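> Quick one: this structure, given as structure tokens, is what I'll be asking you about.
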Amino acid sequence: MRVLVTGGAGFIGSEIVRTLVSSGHEAVVLDALLPSAHGGGAAPPGGAGRDDGMVVADVRDREAVDGALRGIDVVCHQAAMVGLGKDFADAPDYVGCNDLGTAVLLAAMTGAGVRSLVLAGSMVVYGEGRYDCRRHGPVRPGPRAEADLAAGRFEPRCPSCGTELTPGLVGEDAPTDPRNVYAATKLAQENLASSWARATGGRAVSLRYHNVYGPGMPRDTPYAGVASFFRSSLARGESPRVFEDGGQRRDFIHVRDVAAANAVALETVSAHGPGGFRAYNTGSGQPHTIGRMAAALASAHGGPAPVVTGEYRLGDVRHVTADSRRLREELGWKPEVGFAEGMAQFAAASLRPAPAVPRR
Ligand SMILES: NC(=O)c1ccc[n+]([C@@H]2O[C@H](COP(=O)([O-])OP(=O)(O)OC[C@H]3O[C@@H](n4cnc5c(N)ncnc54)[C@H](O)[C@@H]3O)[C@@H](O)[C@H]2O)c1
Ligand SMILES: [Zn+2]
């Protein structure tokens with residue numbers, strides 16, 4: 001396959017490129033090398049250009065995208081502004097990069113006759129995960145009340161009877177509930193891809209990644225994932241600071257497994273088959289608490305041990321855990337990097353240097 005990987009200079013995109021190239025595919029990267037992700041003055045690796053497979057351009061630049069699409073069979077769309085941002089003033093940049101960018105890309109693909117797309121989706125589209133009440137069955141709690149958080153009552157409560165809920169595994173057909181700008185833009189990307197597939201007869205897959213970690217993960221910035229915060233604290237000789245009571249459950253998935261999921265999804269969408277859009281949760285299937293993850297990282301790093309602070313952030317969701325059976329069953333993917341092994345490696349791996357200019 002000849003694959004255009006947008007965002008191919010990023011944490012996940014660069015791992016996808018390595019995976020594709022090592023299995024004999026051709027990859028062309030289109031990446032704007034955003035200062036917010038790479039620091040100011042990031043030079044393209046080796047001053048590369050289109051002929052060496054690296055186009056430094058914004059995905060909103062139609063002419064550049066048209067050029068990058070020449071000879072391409074399938075697109076792997078990773079380019080996005082990630083994380084939660086600093087405040088609402090970031091919204092136009094998120095919407096511009098993520099949604100206008102996706103629209104320009106899809107229009108260019110239509111023009112070029114490229115009908116196959118894999119999109120980097122996200123579990124953030126679900127909002128708070130899935131819960132069960134002993135009396136009321138599956139329920140969808142709203143945001144947690146600040147008074148509960150302040151009193152150390154962290155588990156979401158049933159909207160009908162107020163009892164503590166038990167977290168379950170979120171399936172792809174769960175209703176979406178994006179709770180911040182980034183989440184809204186990730187859901188809009190899927191909606192655009194789905195409309196594109198309907199209008200053109202194209203095939204699109206969204207891989208809804210859970211918490212991706214691994215070598216090359218950005219260092220702590222307001223935008224990075226929790227594994228990177230902990231890892232950066234340990235590198236400074238400080239204890240990872242675990243919020244709430246450490247019982248928040250997440251699904252941590254290694255970047256190598258995410259790259260492998262992209263490779264199988266790319267094969268699938270580029271094979272002959274009916275058009276349409278389909279979403280796949282992309283998680284390890286083995287949820288862990290944040291407290292346990294901090295302890296695993298700290299012990300592999302040789303300390304110091306985490307501290308549980310009881311701090312909380314309004315708007316954080318308590319538990320988000322994936323049911324990734326669909327990806328295993330329909331696309332034949334399975335994660336290879338176990339939690340203990342992955343965290344031990346990550347404790348020793350290098351992180352991407354912090355950007356030289358503040359992320360915005
Ligand atoms: N890291 C995670 O845990 C996670 C979880 C869910 C989803 N995702 C998604 O995975 C994808 C890759 O994320 P990542 O963690 O590798 O982040 P990253 O910041 O390392 O990579 C994103 C890349 O996209 C590029 N980019 C951003 N806007 C662009 C634009 N307008 N034009 C061209 N290039 C642009 C950046 O320069 C960067 O190289 C994103 O779509 C993100 O939403 C990541
Ligand atoms: Zn109830």
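Here, A, B, ... name the chains of the structure tokens in the order displayed, residue numbers run from 1 inside each chain, and ligands are numbered from 1 in the same displayed order.
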At a cut-off of 10 Å, using only C-alpha atoms, what residues contact stretch 200-204 of chain A? Leave out same-chain residues fewer than 2 positions from it and give the result as a ChimeraX atom specification.
/A:74-76,106,109-110,113-119,190,193-198,206-207,265-266,268-279
> Can those selected residues be exported to a file as a PDB file, in the first residue's frame so that it contains C-alpha atoms?

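Wrote out34.pdb, looks like this:
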```pdb
ATOM      1  CA  VAL A  74      -5.135   5.000   1.360  1.00  0.00           C
ATOM      2  CA  VAL A  75      -4.980   7.774   3.969  1.00  0.00           C
ATOM      3  CA  CYS A  76      -4.192   7.376   7.660  1.00  0.00           C
ATOM      4  CA  LEU A 106     -11.676  14.488   2.546  1.00  0.00           C
ATOM      5  CA  MET A 109      -9.320  12.648  -1.400  1.00  0.00           C
ATOM      6  CA  THR A 110     -12.603  12.866  -3.291  1.00  0.00           C
ATOM      7  CA  GLY A 113     -10.241   9.353  -6.234  1.00  0.00           C
ATOM      8  CA  VAL A 114      -8.816   8.019  -2.944  1.00  0.00           C
ATOM      9  CA  ARG A 115     -11.659   6.113  -1.285  1.00  0.00           C
ATOM     10  CA  SER A 116     -10.045   4.589   1.796  1.00  0.00           C
ATOM     11  CA  LEU A 117      -9.499   6.270   5.152  1.00  0.00           C
ATOM     12  CA  VAL A 118      -8.375   5.317   8.632  1.00  0.00           C
ATOM     13  CA  LEU A 119      -8.992   8.024  11.207  1.00  0.00           C
ATOM     14  CA  GLU A 190     -15.976  10.954  12.654  1.00  0.00           C
ATOM     15  CA  ALA A 193     -15.735  10.829   7.636  1.00  0.00           C
ATOM     16  CA  SER A 194     -19.093   9.107   7.809  1.00  0.00           C
ATOM     17  CA  SER A 195     -20.728  11.711   5.532  1.00  0.00           C
ATOM     18  CA  TRP A 196     -17.808  11.439   3.139  1.00  0.00           C
ATOM     19  CA  ALA A 197     -18.170   7.649   3.001  1.00  0.00           C
ATOM     20  CA  ARG A 198     -21.881   7.967   2.229  1.00  0.00           C
ATOM     21  CA  SER A 206     -12.208   5.292  13.090  1.00  0.00           C
ATOM     22  CA  LEU A 207      -9.962   3.712  15.691  1.00  0.00           C
ATOM     23  CA  ALA A 265      -7.374  -1.177   9.523  1.00  0.00           C
ATOM     24  CA  LEU A 266      -5.512   0.264   6.523  1.00  0.00           C
ATOM     25  CA  THR A 268      -9.144  -3.573   5.554  1.00  0.00           C
ATOM     26  CA  VAL A 269     -10.290  -0.246   4.136  1.00  0.00           C
ATOM     27  CA  SER A 270      -8.089  -0.575   1.086  1.00  0.00           C
ATOM     28  CA  ALA A 271      -9.391  -4.068   0.255  1.00  0.00           C
ATOM     29  CA  HIS A 272     -12.444  -4.288  -1.983  1.00  0.00           C
ATOM     30  CA  GLY A 273     -15.605  -4.200   0.017  1.00  0.00           C
ATOM     31  CA  PRO A 274     -18.714  -2.185   0.673  1.00  0.00           C
ATOM     32  CA  GLY A 275     -18.312   1.505   1.513  1.00  0.00           C
ATOM     33  CA  GLY A 276     -19.322   2.948   4.838  1.00  0.00           C
ATOM     34  CA  PHE A 277     -18.047   4.060   8.212  1.00  0.00           C
ATOM     35  CA  ARG A 278     -17.250   1.905  11.219  1.00  0.00           C
ATOM     36  CA  ALA A 279     -15.778   2.754  14.626  1.00  0.00           C
TER      37      ALA A 279
END
```
> Taking the backbone alone, and naming residues the way the document does, which bits of stretch 192-246 of chain A are helix (DSSP H, G or I) by DSSP, as a VMD selection string?
chain A and resid 192 to 200 226 to 235
> Hey, could you make a per-residue contact list for chain A against ligand 1 with 7 Å as the cut-off, showing the nearest pair of atoms and its distance in Å to one decimal, counting only C-alpha atoms and all ligand atoms, sorted by chain and number, as JSON lines?

```
{"residue": "A:Thr6", "atom": "CA", "partner": "ligand 1", "partner_atom_place_in_ligand_line": "34 (N)", "distance": 6.2}
{"residue": "A:Gly7", "atom": "CA", "partner": "ligand 1", "partner_atom_place_in_ligand_line": "24 (O)", "distance": 3.5}
{"residue": "A:Gly8", "atom": "CA", "partner": "ligand 1", "partner_atom_place_in_ligand_line": "39 (O)", "distance": 6.1}
{"residue": "A:Ala9", "atom": "CA", "partner": "ligand 1", "partner_atom_place_in_ligand_line": "39 (O)", "distance": 4.4}
{"residue": "A:Gly10", "atom": "CA", "partner": "ligand 1", "partner_atom_place_in_ligand_line": "21 (O)", "distance": 3.4}
{"residue": "A:Phe11", "atom": "CA", "partner": "ligand 1", "partner_atom_place_in_ligand_line": "16 (O)", "distance": 3.6}
{"residue": "A:Ile12", "atom": "CA", "partner": "ligand 1", "partner_atom_place_in_ligand_line": "16 (O)", "distance": 3.7}
{"residue": "A:Gly13", "atom": "CA", "partner": "ligand 1", "partner_atom_place_in_ligand_line": "16 (O)", "distance": 5.5}
{"residue": "A:Leu30", "atom": "CA", "partner": "ligand 1", "partner_atom_place_in_ligand_line": "33 (C)", "distance": 6.3}
{"residue": "A:Asp31", "atom": "CA", "partner": "ligand 1", "partner_atom_place_in_ligand_line": "34 (N)", "distance": 3.8}
{"residue": "A:Ala32", "atom": "CA", "partner": "ligand 1", "partner_atom_place_in_ligand_line": "33 (C)", "distance": 3.9}
{"residue": "A:Leu33", "atom": "CA", "partner": "ligand 1", "partner_atom_place_in_ligand_line": "37 (O)", "distance": 3.6}
{"residue": "A:Leu34", "atom": "CA", "partner": "ligand 1", "partner_atom_place_in_ligand_line": "37 (O)", "distance": 3.9}
{"residue": "A:Ala37", "atom": "CA", "partner": "ligand 1", "partner_atom_place_in_ligand_line": "19 (O)", "distance": 4.8}
{"residue": "A:His38", "atom": "CA", "partner": "ligand 1", "partner_atom_place_in_ligand_line": "37 (O)", "distance": 6.6}
{"residue": "A:Ala57", "atom": "CA", "partner": "ligand 1", "partner_atom_place_in_ligand_line": "33 (C)", "distance": 5.8}
{"residue": "A:Asp58", "atom": "CA", "partner": "ligand 1", "partner_atom_place_in_ligand_line": "32 (N)", "distance": 3.5}
{"residue": "A:Val59", "atom": "CA", "partner": "ligand 1", "partner_atom_place_in_ligand_line": "32 (N)", "distance": 3.9}
{"residue": "A:Arg60", "atom": "CA", "partner": "ligand 1", "partner_atom_place_in_ligand_line": "31 (N)", "distance": 6.0}
{"residue": "A:Gln78", "atom": "CA", "partner": "ligand 1", "partner_atom_place_in_ligand_line": "41 (O)", "distance": 4.2}
{"residue": "A:Ala79", "atom": "CA", "partner": "ligand 1", "partner_atom_place_in_ligand_line": "24 (O)", "distance": 3.4}
{"residue": "A:Ala80", "atom": "CA", "partner": "ligand 1", "partner_atom_place_in_ligand_line": "27 (C)", "distance": 4.0}
{"residue": "A:Met81", "atom": "CA", "partner": "ligand 1", "partner_atom_place_in_ligand_line": "27 (C)", "distance": 4.8}
{"residue": "A:Val82", "atom": "CA", "partner": "ligand 1", "partner_atom_place_in_ligand_line": "43 (O)", "distance": 5.0}
{"residue": "A:Cys97", "atom": "CA", "partner": "ligand 1", "partner_atom_place_in_ligand_line": "31 (N)", "distance": 3.9}
{"residue": "A:Asn98", "atom": "CA", "partner": "ligand 1", "partner_atom_place_in_ligand_line": "31 (N)", "distance": 6.7}
{"residue": "A:Gly101", "atom": "CA", "partner": "ligand 1", "partner_atom_place_in_ligand_line": "31 (N)", "distance": 5.8}
{"residue": "A:Ala120", "atom": "CA", "partner": "ligand 1", "partner_atom_place_in_ligand_line": "41 (O)", "distance": 4.7}
{"residue": "A:Gly121", "atom": "CA", "partner": "ligand 1", "partner_atom_place_in_ligand_line": "7 (C)", "distance": 5.4}
{"residue": "A:Ser122", "atom": "CA", "partner": "ligand 1", "partner_atom_place_in_ligand_line": "6 (C)", "distance": 4.0}
{"residue": "A:Met123", "atom": "CA", "partner": "ligand 1", "partner_atom_place_in_ligand_line": "6 (C)", "distance": 6.4}
{"residue": "A:Lys186", "atom": "CA", "partner": "ligand 1", "partner_atom_place_in_ligand_line": "43 (O)", "distance": 6.7}
{"residue": "A:Arg208", "atom": "CA", "partner": "ligand 1", "partner_atom_place_in_ligand_line": "6 (C)", "distance": 6.4}
{"residue": "A:Tyr209", "atom": "CA", "partner": "ligand 1", "partner_atom_place_in_ligand_line": "6 (C)", "distance": 4.4}
{"residue": "A:His210", "atom": "CA", "partner": "ligand 1", "partner_atom_place_in_ligand_line": "5 (C)", "distance": 5.4}
{"residue": "A:Asn211", "atom": "CA", "partner": "ligand 1", "partner_atom_place_in_ligand_line": "3 (O)", "distance": 4.2}
{"residue": "A:Val212", "atom": "CA", "partner": "ligand 1", "partner_atom_place_in_ligand_line": "3 (O)", "distance": 3.8}
{"residue": "A:Tyr213", "atom": "CA", "partner": "ligand 1", "partner_atom_place_in_ligand_line": "3 (O)", "distance": 6.5}
{"residue": "A:Pro218", "atom": "CA", "partner": "ligand 1", "partner_atom_place_in_ligand_line": "20 (O)", "distance": 6.7}
{"residue": "A:Gly225", "atom": "CA", "partner": "ligand 1", "partner_atom_place_in_ligand_line": "3 (O)", "distance": 6.3}
```
> Deliver the residues from the most recent selection as a file, using C-alpha atoms, as a PDB file, in the first residue's frame.

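The file below, selection.pdb, is the result:
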```pdb
ATOM      1  CA  THR A   6      -1.079  12.918   8.181  1.00  0.00           C
ATOM      2  CA  GLY A   7       0.460  13.869  11.517  1.00  0.00           C
ATOM      3  CA  GLY A   8       3.124  11.289  10.696  1.00  0.00           C
ATOM      4  CA  ALA A   9       5.785  13.220  12.626  1.00  0.00           C
ATOM      5  CA  GLY A  10       3.820  12.942  15.876  1.00  0.00           C
ATOM      6  CA  PHE A  11       3.947  10.409  18.712  1.00  0.00           C
ATOM      7  CA  ILE A  12       1.529   7.886  17.230  1.00  0.00           C
ATOM      8  CA  GLY A  13       1.951   8.807  13.535  1.00  0.00           C
ATOM      9  CA  LEU A  30       2.177  15.223   5.766  1.00  0.00           C
ATOM     10  CA  ASP A  31       2.742  17.142   8.975  1.00  0.00           C
ATOM     11  CA  ALA A  32       2.774  20.848   9.815  1.00  0.00           C
ATOM     12  CA  LEU A  33       5.285  20.210  12.651  1.00  0.00           C
ATOM     13  CA  LEU A  34       3.085  22.351  14.886  1.00  0.00           C
ATOM     14  CA  ALA A  37       3.640  19.688  19.444  1.00  0.00           C
ATOM     15  CA  HIS A  38       7.259  19.928  18.328  1.00  0.00           C
ATOM     16  CA  ALA A  57       2.408  21.418   5.335  1.00  0.00           C
ATOM     17  CA  ASP A  58      -0.852  22.054   7.057  1.00  0.00           C
ATOM     18  CA  VAL A  59      -3.670  19.646   6.362  1.00  0.00           C
ATOM     19  CA  ARG A  60      -5.876  22.686   5.680  1.00  0.00           C
ATOM     20  CA  GLN A  78      -3.514  11.263  12.576  1.00  0.00           C
ATOM     21  CA  ALA A  79      -2.963  15.029  12.325  1.00  0.00           C
ATOM     22  CA  ALA A  80      -4.795  16.827  15.091  1.00  0.00           C
ATOM     23  CA  MET A  81      -4.339  19.255  17.895  1.00  0.00           C
ATOM     24  CA  VAL A  82      -4.488  17.024  20.952  1.00  0.00           C
ATOM     25  CA  CYS A  97      -6.807  21.796  12.681  1.00  0.00           C
ATOM     26  CA  ASN A  98      -9.134  18.948  13.493  1.00  0.00           C
ATOM     27  CA  GLY A 101      -8.454  20.048   8.325  1.00  0.00           C
ATOM     28  CA  ALA A 120      -7.413   8.475  14.635  1.00  0.00           C
ATOM     29  CA  GLY A 121     -10.529   8.536  16.777  1.00  0.00           C
ATOM     30  CA  SER A 122     -10.672   8.815  20.538  1.00  0.00           C
ATOM     31  CA  MET A 123     -12.500   7.418  23.544  1.00  0.00           C
ATOM     32  CA  LYS A 186     -12.869  14.332  17.515  1.00  0.00           C
ATOM     33  CA  ARG A 208     -11.061   5.160  19.007  1.00  0.00           C
ATOM     34  CA  TYR A 209      -7.790   5.055  20.906  1.00  0.00           C
ATOM     35  CA  HIS A 210      -7.819   4.829  24.666  1.00  0.00           C
ATOM     36  CA  ASN A 211      -4.833   6.101  26.699  1.00  0.00           C
ATOM     37  CA  VAL A 212      -1.848   5.609  24.431  1.00  0.00           C
ATOM     38  CA  TYR A 213       1.593   5.486  26.049  1.00  0.00           C
ATOM     39  CA  PRO A 218       5.526  14.074  24.700  1.00  0.00           C
ATOM     40  CA  GLY A 225      -1.478  12.178  28.995  1.00  0.00           C
TER      41      GLY A 225
END
```
> Would you work out the distance separating atom CA of A:Phe346 from atom CA of A:Thr19, expressed in Å to one decimal?
18.6 Å
> From the list A:Gly137, A:Pro215, A:Gly142, A:Gly152, which residue is nearest ligand 2 when using only C-alpha atoms and all ligand atoms?
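Smallest separation from ligand 2 among the options: A:Gly137.
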> Residues up to 7 Å from ligand 2, counting only C-alpha atoms and all ligand atoms: could you list those as a ChimeraX atom specification?
/A:133-136,158-163
> Work out how far apart atom CA of A:Ala108 and atom CA of A:Arg18 are and give it in Å to one decimal.
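Straight-line distance from atom CA of A:Ala108 to atom CA of A:Arg18 works out to 25.2 Å.
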> I'd like the neighbourhood of A:Val95 as number ranges by chain, where a residue qualifies if any of its atoms comes within 10 Å (using only C-alpha atoms), though same-chain residues fewer than 4 positions away should be ignored.
A: 80-81, 90-91, 99-102, 181-182, 184-186, 188-189
> For the residues in the current selection, export C-alpha atoms as a tab-separated table (two decimals), in the first residue's frame.

```tsv
chain	number	residue	atom	x	y	z
A	80	ALA	CA	-4.79	16.83	15.09
A	81	MET	CA	-4.34	19.26	17.90
A	90	ASP	CA	-7.96	27.45	22.05
A	91	ALA	CA	-11.28	26.44	20.44
A	99	ASP	CA	-12.37	19.64	11.65
A	100	LEU	CA	-11.63	22.09	8.86
A	101	GLY	CA	-8.45	20.05	8.33
A	102	THR	CA	-10.44	16.82	8.01
A	181	VAL	CA	-13.75	21.21	22.74
A	182	TYR	CA	-11.22	18.55	21.85
A	184	ALA	CA	-16.30	17.72	20.18
A	185	THR	CA	-13.74	18.05	17.37
A	186	LYS	CA	-12.87	14.33	17.52
A	188	ALA	CA	-17.00	15.91	14.33
A	189	GLN	CA	-14.08	14.25	12.50
```
> Report, in Å to a single decimal, how far apart atom CA of A:Pro304 and atom CA of A:Arg241 are.
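Rounded to one decimal, the two atoms are 10.7 Å apart.
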> List the neighbours of A:Leu149 out to 10 Å using only C-alpha atoms; skip same-chain residues closer than 6 positions along the sequence, and give me the result as a PDB file with N, CA and C atoms, in the first residue's frame.

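And here's part-v9.pdb as it stands now:
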```pdb
ATOM      1  N   GLU A 155     -16.798   8.291  43.312  1.00  0.00           N
ATOM      2  CA  GLU A 155     -17.529   7.433  42.378  1.00  0.00           C
ATOM      3  C   GLU A 155     -18.800   8.133  41.908  1.00  0.00           C
ATOM      4  N   PRO A 156     -19.100   8.092  40.604  1.00  0.00           N
ATOM      5  CA  PRO A 156     -20.350   8.667  40.120  1.00  0.00           C
ATOM      6  C   PRO A 156     -21.543   7.952  40.740  1.00  0.00           C
ATOM      7  N   GLU A 244      -7.441  12.375  43.082  1.00  0.00           N
ATOM      8  CA  GLU A 244      -8.575  11.677  43.692  1.00  0.00           C
ATOM      9  C   GLU A 244      -8.015  10.616  44.642  1.00  0.00           C
ATOM     10  N   GLY A 310      -5.653  13.302  46.648  1.00  0.00           N
ATOM     11  CA  GLY A 310      -7.044  13.703  46.870  1.00  0.00           C
ATOM     12  C   GLY A 310      -7.456  14.922  46.054  1.00  0.00           C
ATOM     13  N   GLU A 311      -6.489  15.537  45.335  1.00  0.00           N
ATOM     14  CA  GLU A 311      -6.872  16.658  44.465  1.00  0.00           C
ATOM     15  C   GLU A 311      -7.808  16.159  43.376  1.00  0.00           C
ATOM     16  N   TYR A 312      -8.552  17.079  42.783  1.00  0.00           N
ATOM     17  CA  TYR A 312      -9.443  16.676  41.690  1.00  0.00           C
ATOM     18  C   TYR A 312      -9.544  17.830  40.714  1.00  0.00           C
ATOM     19  N   ARG A 313      -9.941  17.516  39.503  1.00  0.00           N
ATOM     20  CA  ARG A 313     -10.201  18.546  38.503  1.00  0.00           C
ATOM     21  C   ARG A 313     -11.640  18.372  38.057  1.00  0.00           C
ATOM     22  N   LEU A 314     -12.372  19.474  38.101  1.00  0.00           N
ATOM     23  CA  LEU A 314     -13.757  19.416  37.623  1.00  0.00           C
ATOM     24  C   LEU A 314     -13.705  19.019  36.162  1.00  0.00           C
TER      25      LEU A 314
END
```
> If you run DSSP on this backbone, which residues of stretch 138-200 of chain A come out as strand (DSSP E or B), and could you give them as a list in words?
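Filtering stretch 138-200 of chain A to strand (DSSP E or B) leaves Pro138, Val139, Arg157, Glu164, Thr166, Pro167, Gly168 and Val170 of chain A.
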> A:Tyr280, A:Ala296, A:Phe339, A:Val56: which is nearest A:Gly171, counting only C-alpha atoms?
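Among the listed residues, the smallest separation from A:Gly171 belongs to A:Tyr280.
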